[in-house]
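A.B. asks: Following this message is one structure expressed as structure tokens.
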Amino acid sequence: MADTAGRNTRPLALHVPEPRFRPGDAVSFDDLDLPAAGAVGRPPVDAAPAALRDYPYTLIRVLDPEGRAVGAWDPRLAPDRLVRMLRGMMLTRAYDDRMFRAQRQGKTSFYMKCTGEEAVAVAAAHALHRDDMCFPSYRQQGLLIARDWPLVDMMCQIYSNAGDRMKGRQLPVMYSSKEAGFFSISGNLATQYPQAVGWAMASAARGDTRIAAGWVGEGSTAEGDFHAACIFAAVYRAPVILNIVNNQWAISSFSGIAGAEATTFAARANGYGVAGLRVDGNDPLAVFAATEWAAERARGNHGPTIIEHFTYRVEAHSTSDDPSAYRPADEARAFPLGDPIERLKQHLILIGAWDEARHEALRAELVEQVRAAGREAEALGTLSGTAFNHGFETIFEDVFATMPPHLKEQSEQMAEERRVAGV
Amino acid sequence: MNMIQAINSALDVCMTRDEAVVVLGEDVGYFGGVFRATAGLQKKHGKTRVFDTPINECGIIGVAVGMATYGLRPVPEIQFADYIYPGMDQLISEAARLRYRSAGEWTCPITVRSPFGGGIFGGQTHSQSPEGIFTHVAGLKTVIPSNPYDAKGLLIAAIEDPDPVLFFEPKRIYNGPFDGHYDRPVQPWSKHGSSEVPDGHYTVPLGKAAVVRAGEAVTVLCYGTMVHVALGVAAETGIDAEIIDLRTLVPLDIETITASVEKTGRCVIVHEATRTGGFGAELSAQVQERCFHHLEAPIERVTGWDTPYPHSLEWAYFPGPVRLTQALHRVLKD
Ligand SMILES: Cc1ncc(C[n+]2csc(CCOP(=O)(O)OP(=O)(O)O)c2C)c(N)n1
């Protein structure tokens with residue numbers, strides 16, 4: 001043992017990361033290193049992980065400041081496909097706005113928006129096959145919307161009403177749709193990640209052709225489940241896409257608390273010998289291209305890909321959060337990657353496939369679509385403190401496939417309780 | 001003071017008195033925690049004593065164990081008790097056994113704080129009451145306050161305790177006592193005697209229950225939010241119940257419990273957690289073992305159902321006044 005007593009050693013210091021800006025500070029992202037659109041090459045989808053080591057440290061971007069699609073990652077999508085992507089993102093935003101207001105009006109207990117992150121889910125959905133399996137977190141409502149899942153069904157979940165197929169059991173936004181390839185969401189962060197890997201392993205083991213994709217926030221990459229997923233994906237070369245949505249904030253904690261000062265989130269891939277890509281998450285074409293690349297890689301049995309989507313959480317974490325308490329109010333506006341909807345719109349206008357009038361007409365149409373769906377959903381009930389939209393006996397259903405005696409007994413006890421209470 | 005302010009005050013008092021006390025957890029630093037229980041502490045005590053952590057409960061508890069073995073007194077926060085599970089191995093296999101397996105060479109004076117319980121429309125992942133899982137573990141103490149005065153005194157006692165303590169905060173009563181009538185407005189703590197909380201240092205000892213209402217007909221054993229449900233039912237029905245707020249589940253104040261049951265001859269246990277294997281089963285066994293000859297009716301348990309917490313039907317899950325009243329009538333029948 002080294003004897004340090006009496007030695008003139010310097011005191012140690014603990015580093016606690018701090019974000020660059022707090023409320024009241026002037027925000028500037030000038031020193032953010034943003035490679036130009038088209039600057040990053042596109043490797044072959046069967047490249048060995050060792051040949052891909054630099055990709056996690058740059059940023060794949062397709063749309064340039066004028067709205068041109070440039071470089072090797074341009075997915076060269078037909079205009080009608082681009083319009084469908086635009087529509088999906090705009091519908092997601094219109095849906096978010098209405099559900100947020102519904103929460104404020106007391107029609108539900110909770111809501112979470114994905115404003116500014118619409119491309120991460122919608123463009124990815126377009127690059128995946130309809131029967132690929134998604135293991136999302138709570139901010140990928142755009143996956144369901146891009147897969148044309150009925151808004152009314154989603155809203156019924158938000159309202160825990162009689163039309164909620166989940167029988168009002170889950171917190172709002174925790175959708176589930178096996179038919180839409182959208183796995184039931186857990187409130188426990190990152191648990192879906194190893195599950196995505198397991199589903200992909202099963203698909204591979206059975207000689208299926210479908211792949212899986214999972215999503216977590218950058219904050220959630222700190223969870224053990226994230227690392228469990230990575231090691232299994234790497235070892236078995238699971239056909240899975242592991243998406244990390246780096247929207248800079250995990251409630252009040254900036255990305256540095258999850259390790260962003262030391263490296264990028266995509267670079268975690270290198271430690272596992274997995275392909276890692278880092279993309280401009282506000283660039284729908286870049287998100288599409290990276291997802292398409294990773295999907296082809298997975299389908300060709302070349303292994304998993306970790307994709308970091310660099311984006312920004314424009315709105316509060318949830319309806320229970322007040323971001324003005326921990327970050328400058330204009331930080332979202334100063335974030336240099338722009339708005340994904342505006343960027344795709346600009347691109348479409350530039351290529352002559354779109355114009356302001358059509359955009360405004362679509363916006364109005366989507367607001368009306370959401371309003372109509374809202375009215376339909378609300379007709380089946382909303383959640384207010386005392387509104388019970390489901391039979392009380394449903395509490396005891398689905399705990400097990402068949403109800404064991406102790407639950408039957410408790411169910412009867414509850415029925416008696418309701419009778420006495422007159423409800 | 002409300003309960004959050006009382007907890008904040010306890011942390012502040014401990015940090016001021018003892019340099020070794022540190023606070024860590026998700027969002028606890030600059031923001032002061034999603035429930036604001038650590039508000040202002042980082043500003044006052046510095047960011048190496050109050051700091052945000054990565055979202056990794058295993059890390060939060062494991063690092064706290066390591067800090068404790070260095071000689072600090074960490075007070076980690078787990079944002080919701082539902083998220084303590086990823087940290088279970090560090091808590092159960094490590095923190096709880098460190099003293100025992102090293103014959104006292106290493107100890108683990110950490111206090112894990114976590115909001116728990118339902119009644120806030122938190123759905124199944126923001127509502128659970130996991131205390132029974134931890135009371136089953138040798139080497140952990142479990143503390144659950146029911147009012148601001150106790151919250152502060154018990155938290156200080158927990159932080160000063162030489163062993164690992166779980167401090168579960170019933171979040172439904174952070175801002176006011178709640179009697180289980182979800183359709184009535186909740187009174188703020190300011191209208192309640194227990195909101196008179198001294199500014200400075202005091203403790204409410206661990207392992208000491210409180211008889212919060214004296215009575216002759218039946219003993220009601222409860223803790224946390226359920227204390228207020230029980231008090232409400234006694235007031236509404238006029239049943240002459242003796243209500244015992246356990247305050248700590250481990251160590252358990254069995255003397256106060258047995259003295260009461262020997263007097264009343266009847267016992268009803270109330271908790272919000274699921275019934276099977278819950279802490280109520282332990283209470284029932286101990287009362288039966290010690291008070292068998294005094295019992296005039298079977299012991300009753302009033303609990304949540306053996307299902308996950310259903311978001312929209314949470315009031316039908318919550319063991320409210322009707323469920324408790326029915327049990328009391330059954331126990332008092334003959
Ligand atoms: C296991 C677990 N720990 C803590 C929480 C509480 N919590 C909910 S969301 C959140 C922040 C997540 O941030 P991030 O992963 O970056 O996703 P974002 O919300 O930014 O999309 C936290 C700490 C949780 N839900 N689960």
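Letters A, B, ... mark the chains of the structure tokens in the order given; residue numbers begin at 1 per chain; ligand numbers begin at 1, in order shown.
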Just the strand (DSSP E) stuff from stretch 192-405 of chain A, please, per backbone DSSP, written as a ChimeraX atom specification.

C.D. replies: /A:212-217,240-246,249-250,253-254,275-280,305-310

A.B. asks: Give as a PyMOL selection string every residue of chain A that touches chain B within 8 Å, counting only C-alpha atoms.

C.D. replies: chain A and resi 14-16+109+160+168-171+186-188+219-224+251-253+257-259+321+325-326+383+385-386+388-390+392+395-396+399+407+410+414+417+420-421

A.B. asks: Neighbouring residues of stretch 252-263 of chain B were defined as those with any atom within 12 Å, considering only C-alpha atoms; residues of the same chain fewer than 2 positions away were excluded. Please report them as a PyMOL selection string.

C.D. replies: chain B and resi 135+141-144+205-223+241-250+265-269+279+282-299

A.B. asks: Could you list, as a list of chain:residue names, every residue within 8 Å of stretch 364-371 of chain A, counting only C-alpha atoms and ignoring same-chain residues fewer than 5 positions away?

C.D. replies: A:Met90, A:Leu91, A:Ala94, A:Tyr95, A:Arg98, A:Leu151

A.B. asks: Generate the output file for the selected residues, N, CA and C atoms, as a tab-separated table (two decimals), in the first residue's frame.

C.D. replies:
```tsv
chain	number	residue	atom	x	y	z
A	90	MET	N	-47.31	16.58	-39.50
A	90	MET	CA	-48.27	17.65	-39.19
A	90	MET	C	-49.46	17.11	-38.40
A	91	LEU	N	-49.87	15.89	-38.72
A	91	LEU	CA	-50.99	15.30	-37.99
A	91	LEU	C	-50.58	15.01	-36.54
A	94	ALA	N	-50.76	18.28	-34.73
A	94	ALA	CA	-52.14	18.70	-34.49
A	94	ALA	C	-52.77	17.86	-33.37
A	95	TYR	N	-52.45	16.57	-33.38
A	95	TYR	CA	-52.96	15.66	-32.36
A	95	TYR	C	-52.42	16.05	-30.98
A	98	ARG	N	-54.11	19.16	-29.57
A	98	ARG	CA	-55.46	18.96	-29.05
A	98	ARG	C	-55.44	18.17	-27.73
A	151	LEU	N	-56.91	7.74	-35.02
A	151	LEU	CA	-56.73	8.73	-33.95
A	151	LEU	C	-57.74	8.51	-32.83
```

A.B. asks: Here is a test: counting only C-alpha atoms and all ligand atoms, which residue of B:Leu91, B:Ser114, B:Thr69, B:Asp12 is nearest to ligand 1?

C.D. replies: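 Result for the nearest residue to ligand 1: B:Ser114.
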
A.B. asks: Using only C-alpha atoms and all ligand atoms, which of B:Ala64, B:Leu72, B:Val23, B:Ile78 sits nearest ligand 1?

C.D. replies: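 Closest to ligand 1, using only C-alpha atoms and all ligand atoms: B:Ile78.
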
A.B. asks: Quick one: everything within 9 Å of stretch 129-132 of chain B, counting only C-alpha atoms, minus sequence neighbours fewer than 3 positions away in the same chain. Send it as an NGL selection string.

C.D. replies: :B and (81-82 or 84 or 116-118 or 135-136 or 142 or 166 or 168 or 170 or 249 or 271-274 or 277-280)

A.B. asks: By how many Å are atom CA of A:Tyr159 and atom CA of A:Met174 apart?

C.D. replies: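 That distance, rounded to one decimal, is 11.5 Å.
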
A.B. asks: Check stretch 88-188 of chain B with DSSP on the backbone and list each residue it calls helix (DSSP H, G or I), as a PyMOL selection string.

C.D. replies: chain B and resi 88-101+131-135+148-160+171-173

A.B. asks: May I ask for the distance between atom CA of A:Gly374 and atom CA of A:His317, given in Å to one decimal place?

C.D. replies: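 Distance between the two atoms: 23.0 Å.
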
A.B. asks: Just how far from atom CA of A:Gly303 is atom CA of A:Tyr236, in Å to one decimal?

C.D. replies: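 These two atoms are separated by 8.1 Å.
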
A.B. asks: Tell me which of A:Ala295, A:Leu32, A:Thr394, A:Pro23 sits closest to A:His129, counting only C-alpha atoms.

C.D. replies: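 Between A:Ala295, A:Leu32, A:Thr394, A:Pro23, the residue approaching A:His129 most closely is A:Ala295.
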
A.B. asks: May I have the residues within 7 Å of stretch 270-272 of chain A as a PyMOL selection string, using only C-alpha atoms and disregarding those fewer than 4 positions away in the same chain?

C.D. replies: chain A and resi 53+230-231+234+276

A.B. asks: Would you list the contacts of A:Asp97 as a list in words, taking every protein, DNA or RNA residue within 8 Å and counting only C-alpha atoms, but skipping same-chain residues closer than 4 positions in sequence?

C.D. replies: Arg93, Arg101 and Lys113 of chain A

A.B. asks: Which of these residues is nearest to ligand 1, using only C-alpha atoms and all ligand atoms: B:Phe167, B:Tyr149, B:Phe80, B:Tyr202?

C.D. replies: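 Smallest distance to ligand 1 is found for B:Phe80.
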
A.B. asks: Using only C-alpha atoms and all ligand atoms for the distances, tell me which of B:Ile133, B:Ile60, B:Leu231, B:Val270 is nearest to ligand 1.

C.D. replies: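 Using only C-alpha atoms and all ligand atoms, ligand 1 sits closest to B:Ile60.
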